[in-house]
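> Input structure: query.tsv, which contains TSV, C-alpha atoms.
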chain	number	residue	atom	x	y	z
L	1	MET	CA	-4.86	-23.73	-8.91
L	2	SER	CA	-7.88	-21.73	-10.14
L	3	GLU	CA	-7.29	-18.91	-12.59
L	4	LEU	CA	-7.80	-15.27	-11.69
L	5	ALA	CA	-11.11	-13.61	-12.36
L	6	PRO	CA	-10.80	-10.94	-15.07
L	7	MET	CA	-10.29	-7.27	-14.19
L	8	ARG	CA	-11.96	-4.33	-15.84
L	9	GLU	CA	-9.82	-2.40	-18.27
L	10	GLN	CA	-8.10	0.47	-16.47
L	11	VAL	CA	-8.73	4.08	-17.49
L	12	TYR	CA	-5.56	6.18	-17.46
L	13	SER	CA	-6.82	9.67	-18.27
L	14	ASP	CA	-9.27	12.06	-16.63
L	15	PRO	CA	-10.67	14.96	-18.67
L	16	ARG	CA	-11.55	17.02	-15.59
L	17	PRO	CA	-9.21	19.95	-14.86
L	18	LYS	CA	-6.80	20.06	-11.93
L	19	GLU	CA	-8.97	22.70	-10.24
L	20	TYR	CA	-11.78	20.17	-9.81
L	21	PHE	CA	-9.60	18.19	-7.40
L	22	ASP	CA	-8.21	21.13	-5.41
L	23	ARG	CA	-10.91	20.79	-2.73
L	24	PHE	CA	-10.01	17.15	-2.15
L	25	HIS	CA	-6.33	17.98	-1.74
L	26	GLU	CA	-7.18	20.90	0.54
L	27	ARG	CA	-9.23	18.66	2.80
L	28	ALA	CA	-6.44	16.07	2.92
L	29	ARG	CA	-3.93	18.76	3.93
L	30	THR	CA	-6.03	20.43	6.59
L	31	ARG	CA	-8.21	17.69	8.11
L	32	GLU	CA	-7.59	14.25	9.51
L	33	PRO	CA	-9.59	11.20	8.37
L	34	ASP	CA	-12.77	11.13	10.45
L	35	TRP	CA	-15.39	8.60	11.58
L	36	VAL	CA	-15.80	7.33	8.01
L	37	TYR	CA	-12.28	5.86	8.15
L	38	ASP	CA	-13.10	4.02	11.37
L	39	VAL	CA	-16.36	2.62	10.01
L	40	VAL	CA	-14.78	1.43	6.75
L	41	ARG	CA	-11.80	-0.08	8.59
L	42	THR	CA	-14.08	-1.98	10.98
L	43	ILE	CA	-16.18	-3.45	8.15
L	44	THR	CA	-13.28	-4.36	5.88
L	45	SER	CA	-11.23	-5.75	8.79
L	46	LEU	CA	-14.03	-8.12	9.78
L	47	TYR	CA	-14.23	-9.29	6.17
L	48	ALA	CA	-10.45	-9.75	6.06
L	49	TYR	CA	-10.18	-11.59	9.39
L	50	THR	CA	-13.04	-14.00	8.66
L	51	LEU	CA	-13.51	-14.80	4.96
L	52	LEU	CA	-9.92	-14.03	3.93
L	53	ARG	CA	-8.35	-15.45	7.13
L	54	ALA	CA	-5.96	-12.51	6.97
L	55	ARG	CA	-3.11	-12.34	9.48
L	56	SER	CA	-0.06	-10.10	9.79
L	57	ILE	CA	3.64	-10.61	10.39
L	58	SER	CA	5.89	-7.97	11.99
L	59	SER	CA	3.36	-5.14	12.02
L	60	GLU	CA	5.53	-3.57	14.74
L	61	ASN	CA	7.93	-2.56	11.96
L	62	VAL	CA	5.58	0.33	11.15
L	63	PRO	CA	6.64	3.32	13.30
L	64	GLY	CA	3.97	4.28	15.81
L	65	SER	CA	4.33	7.97	15.02
L	66	GLY	CA	6.05	10.27	12.58
L	67	ALA	CA	5.99	10.42	8.80
L	68	VAL	CA	6.27	7.09	6.99
L	69	ILE	CA	5.64	5.71	3.49
L	70	LEU	CA	4.01	2.27	3.36
L	71	ALA	CA	4.96	0.43	0.17
L	72	PRO	CA	3.07	-2.80	-0.60
L	73	ASN	CA	2.65	-4.84	-3.77
L	74	HIS	CA	-0.70	-4.23	-5.45
L	75	PHE	CA	-2.95	-7.04	-6.65
L	76	SER	CA	-6.42	-6.15	-5.35
L	77	PHE	CA	-8.73	-3.27	-4.41
L	78	MET	CA	-8.61	-4.80	-0.91
L	79	ASP	CA	-4.87	-4.13	-0.54
L	80	HIS	CA	-5.54	-0.66	0.93
L	81	PHE	CA	-7.64	-2.18	3.69
L	82	LEU	CA	-5.53	-5.29	4.25
L	83	MET	CA	-2.47	-3.11	4.80
L	84	GLY	CA	-4.25	-0.80	7.22
L	85	CYS	CA	-6.27	-3.20	9.32
L	86	PHE	CA	-3.26	-4.50	11.28
L	87	ILE	CA	-1.87	-1.13	12.39
L	88	ARG	CA	-3.44	1.48	14.62
L	89	ARG	CA	-2.38	4.45	12.55
L	90	LYS	CA	-4.73	6.01	10.05
L	91	VAL	CA	-3.18	5.65	6.62
L	92	ARG	CA	-3.60	8.20	3.83
L	93	PHE	CA	-4.11	6.65	0.42
L	94	MET	CA	-3.47	7.99	-3.05
L	95	ALA	CA	-6.12	6.91	-5.55
L	96	LYS	CA	-6.64	7.52	-9.26
L	97	SER	CA	-8.78	10.59	-9.85
L	98	GLN	CA	-11.39	8.60	-11.82
L	99	LEU	CA	-12.66	7.12	-8.55
L	100	PHE	CA	-13.71	10.54	-7.25
L	101	LYS	CA	-17.32	10.48	-8.36
L	102	LYS	CA	-20.52	10.70	-6.36
L	103	PRO	CA	-21.49	9.08	-4.06
L	104	MET	CA	-18.16	7.37	-3.27
L	105	GLN	CA	-16.10	10.57	-3.28
L	106	PHE	CA	-17.69	11.38	0.12
L	107	VAL	CA	-16.26	8.14	1.54
L	108	TYR	CA	-12.86	8.77	-0.04
L	109	THR	CA	-12.48	12.36	1.11
L	110	HIS	CA	-13.66	11.69	4.68
L	111	GLY	CA	-11.53	8.55	4.79
L	112	GLY	CA	-8.28	10.39	4.05
L	113	VAL	CA	-7.95	9.47	0.37
L	114	PHE	CA	-6.67	12.06	-2.11
L	115	PRO	CA	-6.62	11.88	-5.92
L	116	VAL	CA	-3.71	11.50	-8.29
L	117	ARG	CA	-4.36	12.48	-11.87
L	118	ARG	CA	-2.84	9.80	-14.06
L	119	GLY	CA	-1.13	11.07	-17.16
L	120	ALA	CA	-0.15	14.36	-15.46
L	121	ARG	CA	2.44	15.47	-12.91
L	122	ASP	CA	0.53	16.24	-9.73
L	123	GLU	CA	2.48	18.78	-7.73
L	124	ASP	CA	-0.03	18.40	-4.92
L	125	VAL	CA	0.91	14.82	-4.14
L	126	PHE	CA	2.44	15.13	-0.69
L	127	LEU	CA	3.41	13.38	2.46
L	128	ALA	CA	1.42	14.84	5.34
L	129	ARG	CA	3.63	16.03	8.17
L	130	GLY	CA	3.83	13.24	10.71
L	131	GLY	CA	1.39	11.10	8.77
L	132	ALA	CA	1.43	7.67	7.13
L	133	ILE	CA	0.89	7.43	3.39
L	134	ALA	CA	0.53	4.30	1.27
L	135	MET	CA	2.09	4.26	-2.18
L	136	TYR	CA	2.32	1.38	-4.63
L	137	CYS	CA	5.67	0.83	-6.35
L	138	GLU	CA	3.97	-0.85	-9.27
L	139	GLY	CA	1.48	1.91	-9.92
L	140	GLY	CA	-1.75	0.13	-10.91
L	141	ARG	CA	-2.89	-3.33	-9.90
L	142	SER	CA	-1.10	-6.33	-11.34
L	143	ARG	CA	-3.31	-8.19	-13.81
L	144	THR	CA	-1.19	-11.34	-13.64
L	145	GLY	CA	-0.98	-11.92	-9.89
L	146	LYS	CA	2.81	-11.51	-10.06
L	147	VAL	CA	4.97	-8.78	-8.53
L	148	ALA	CA	6.31	-6.45	-11.23
L	149	GLU	CA	9.93	-6.54	-12.33
L	150	GLN	CA	10.39	-2.77	-12.28
L	151	ALA	CA	8.97	-0.04	-10.07
L	152	LYS	CA	7.46	3.30	-11.03
L	153	ARG	CA	9.88	6.02	-10.00
L	154	GLY	CA	7.30	8.14	-8.15
L	155	ILE	CA	7.88	6.41	-4.84
L	156	GLY	CA	11.63	6.94	-5.24
L	157	ARG	CA	11.07	10.65	-5.75
L	158	LEU	CA	8.88	10.89	-2.67
L	159	ALA	CA	11.33	8.92	-0.50
L	160	LEU	CA	14.27	11.10	-1.57
L	161	GLU	CA	12.51	14.46	-1.43
L	162	THR	CA	11.10	13.83	2.07
L	163	GLY	CA	13.79	11.63	3.61
L	164	VAL	CA	11.14	9.71	5.58
L	165	PRO	CA	11.36	5.94	6.20
L	166	VAL	CA	9.77	3.50	3.77
L	167	VAL	CA	8.27	0.24	5.02
L	168	PRO	CA	8.17	-2.45	2.28
L	169	ILE	CA	5.11	-4.68	2.61
L	170	ALA	CA	4.21	-8.00	1.00
L	171	ILE	CA	0.52	-8.82	0.69
L	172	PHE	CA	0.35	-12.49	-0.23
L	173	GLY	CA	-2.89	-14.03	-1.51
L	174	SER	CA	-4.79	-10.87	-2.39
L	175	SER	CA	-4.59	-11.54	-6.15
L	176	ARG	CA	-7.46	-14.01	-5.68
L	177	VAL	CA	-9.71	-11.70	-3.68
L	178	ARG	CA	-11.45	-10.78	-6.93
L	179	ASN	CA	-12.56	-14.43	-7.27
L	180	TRP	CA	-15.18	-13.86	-4.59
L	181	LYS	CA	-18.00	-14.15	-7.15
L	182	ARG	CA	-16.89	-17.76	-7.60
L	183	LEU	CA	-17.02	-18.14	-3.80
L	184	GLN	CA	-13.24	-18.52	-3.71
L	185	PHE	CA	-11.74	-16.77	-0.69
L	186	PRO	CA	-7.94	-16.90	-0.40
L	187	LYS	CA	-5.84	-17.01	2.74
L	188	VAL	CA	-4.08	-13.65	2.97
L	189	THR	CA	-0.87	-12.79	4.80
L	190	VAL	CA	0.51	-9.26	5.22
L	191	GLN	CA	4.20	-9.03	6.13
L	192	TYR	CA	5.74	-5.68	7.09
L	193	GLY	CA	9.46	-5.36	6.37
L	194	GLU	CA	12.14	-3.36	8.14
L	195	PRO	CA	11.94	0.41	7.49
L	196	ILE	CA	14.44	1.78	4.97
L	197	ARG	CA	15.57	5.40	4.83
L	198	TRP	CA	17.57	7.43	2.32
L	199	GLU	CA	19.34	10.74	2.79
L	200	ARG	CA	17.13	13.61	1.69
L	201	VAL	CA	17.81	14.95	-1.83
L	202	GLU	CA	16.21	18.27	-2.80
L	203	ASN	CA	16.05	17.68	-6.54
L	204	PRO	CA	16.70	13.99	-7.24
L	205	THR	CA	17.42	13.03	-10.82
L	206	ARG	CA	15.21	10.58	-12.67
L	207	GLU	CA	17.96	7.99	-12.33
L	208	GLN	CA	18.16	8.49	-8.56
L	209	GLN	CA	14.39	8.23	-8.25
L	210	GLN	CA	14.29	5.02	-10.27
L	211	ALA	CA	17.18	3.46	-8.35
L	212	VAL	CA	15.48	4.01	-5.00
L	213	ALA	CA	12.11	2.81	-6.33
L	214	ASP	CA	13.76	-0.36	-7.62
L	215	GLU	CA	15.47	-0.95	-4.26
L	216	ILE	CA	12.11	-0.74	-2.51
L	217	LEU	CA	10.56	-3.17	-4.97
L	218	VAL	CA	13.45	-5.61	-4.46
L	219	GLU	CA	12.66	-5.68	-0.73
L	220	ILE	CA	8.96	-6.26	-1.45
L	221	ARG	CA	9.84	-9.10	-3.79
L	222	LYS	CA	12.06	-10.71	-1.14
L	223	LEU	CA	9.24	-10.63	1.42
L	224	TYR	CA	6.74	-11.95	-1.12
L	225	LYS	CA	9.07	-14.74	-2.26
L	226	GLY	CA	9.59	-15.81	1.35
L	227	LEU	CA	5.84	-16.15	1.86
L	228	GLU	CA	5.49	-17.94	-1.46
L	229	ASP	CA	8.23	-20.45	-0.62
L	230	HIS	CA	7.69	-21.01	3.09
L	231	GLY	CA	4.13	-19.91	3.85
L	232	ARG	CA	2.90	-17.97	6.84
L	233	LYS	CA	3.91	-20.60	9.41
L	234	GLY	CA	7.35	-21.04	7.86
L	235	ILE	CA	8.13	-17.32	7.98
L	236	LEU	CA	6.91	-17.04	11.58
L	237	ARG	CA	9.07	-19.99	12.56
L	238	ARG	CA	12.12	-18.41	10.89
L	239	LEU	CA	11.51	-15.10	12.66
L	240	ARG	CA	11.21	-16.82	16.05
L	241	GLU	CA	14.47	-18.69	15.45
L	242	GLN	CA	16.17	-15.46	14.41
L	243	ARG	CA	15.00	-13.64	17.53
L	244	ARG	CA	16.14	-16.49	19.78
L	245	ALA	CA	19.55	-16.46	18.10
L	246	GLU	CA	19.86	-12.70	18.47
L	247	GLY	CA	18.80	-12.91	22.12
L	248	SER	CA	21.42	-15.53	22.94
L	249	ALA	CA	24.27	-13.90	21.01
L	250	PRO	CA	26.99	-12.11	23.06
L	251	THR	CA	26.93	-8.32	22.97
L	252	GLY	CA	28.59	-7.06	19.83
L	253	ALA	CA	28.53	-10.44	18.10
L	254	ALA	CA	27.06	-10.73	14.62
L	255	VAL	CA	24.33	-13.27	14.07
L	256	VAL	CA	24.57	-15.00	10.70
Turn this file's structure into structure tokens for me.

Amino acid sequence: MSELAPMREQVYSDPRPKEYFDRFHERARTREPDWVYDVVRTITSLYAYTLLRARSISSENVPGSGAVILAPNHFSFMDHFLMGCFIRRKVRFMAKSQLFKKPMQFVYTHGGVFPVRRGARDEDVFLARGGAIAMYCEGGRSRTGKVAEQAKRGIGRLALETGVPVVPIAIFGSSRVRNWKRLQFPKVTVQYGEPIRWERVENPTREQQQAVADEILVEIRKLYKGLEDHGRKGILRRLREQRRAEGSAPTGAAVV
């Protein structure tokens, strides 16, 4: 198996003041993603469907309306697009503030992206009412191509403070997307798990936040391990067998 292409060193601080980003947050709160989102999704989806042979499993697990947090593993810059190209909803993305520079900040702001200042507590990070937001348990991209052992607690805080469902997502194969310069294009599968919901907690403790974040990551790891062990066809076959068993079971009977 070919090794991963190197990643640039990540920058974790931004010297610009919070006020610089207020306009981006204001736009995200008051305006929906516009035609830029549709154009970018069309282009990246064509790339995903063809060169990456990307396919989805159980995309119907994402609610068609209402607030929801989408929680995938994070290996590649393409993960944002791979996660969104199989669902009709427009997904809001949180991105590190360092990316908000001309000319790309026009694409980000019109595409529904809003900045998070790393190294600082951003009180403006929010879940839009009735919207879909993507948030990575692991924080930054994995440099090893492996799912992290522990989650960042931010997603736990958001899940508890809002009480909205969280959909764990496994994106399998995207770690090798960055090998495109070597003309290596992986086969990517995106599997959407069952939504999980926690009772709303107004001021969750750090321990509560971490516990929920870790639970979400456990579900992501289960989905990812299934794809790693059985492949796309194997998982689809297992799901079909499960649905047939559930359909033939008597009412009230448990299917093991």
> My list of candidates is L:Ser56, L:Gly139, L:Ile220, L:Phe100. Which is closest to L:Pro115 when distances are computed with all atoms listed in the file?
L:Phe100
> Using Å and a single decimal, report how far atom CA of L:Val40 sits from atom CA of L:Gln184.
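Separation of atom CA of L:Gln184 and atom CA of L:Val40: 22.6 Å.
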> With all atoms listed in the file as the basis for distance, which of L:Gly145, L:Leu70, L:Tyr37, L:Ser13 is at the shortest distance from L:Val177?
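Closest to L:Val177, using all atoms listed in the file: L:Gly145.
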> Of the candidates L:His25, L:Arg53, L:Arg244, L:Arg157, which one gets nearest to L:Phe93 if we count all atoms listed in the file?
L:His25
> Scan for residues within 8 Å of the point (-0.6, -4.5, -5.4) in the coordinates of the file, using all atoms listed in the file, and reply as a ChimeraX atom specification.
/L:72-76,79,136,138,140-142,147,171
> Between L:Ile57, L:Lys90, L:Glu194, L:Ile155, single out the one closest to L:Leu227, counting only C-alpha atoms.
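With only C-alpha atoms as the atom set, the closest residue is L:Ile57.
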> Give me the residues near L:Gly66 as a list in words, where near means some atom within 12 Å (using only C-alpha atoms) and where sequence neighbours in that chain fewer than 3 positions away do not count.
Val62, Pro63, Ile69, Arg89, Lys90, Val91, Leu127, Ala128, Arg129, Gly130, Gly131, Ala132, Ile133, Gly163, Val164, Pro165 and Val166 of chain L
> Could you check how far atom CA of L:Gly111 sits from atom CA of L:Pro33, in Å to one decimal?
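Atom-to-atom, atom CA of L:Gly111 and atom CA of L:Pro33 are spaced 4.9 Å apart.
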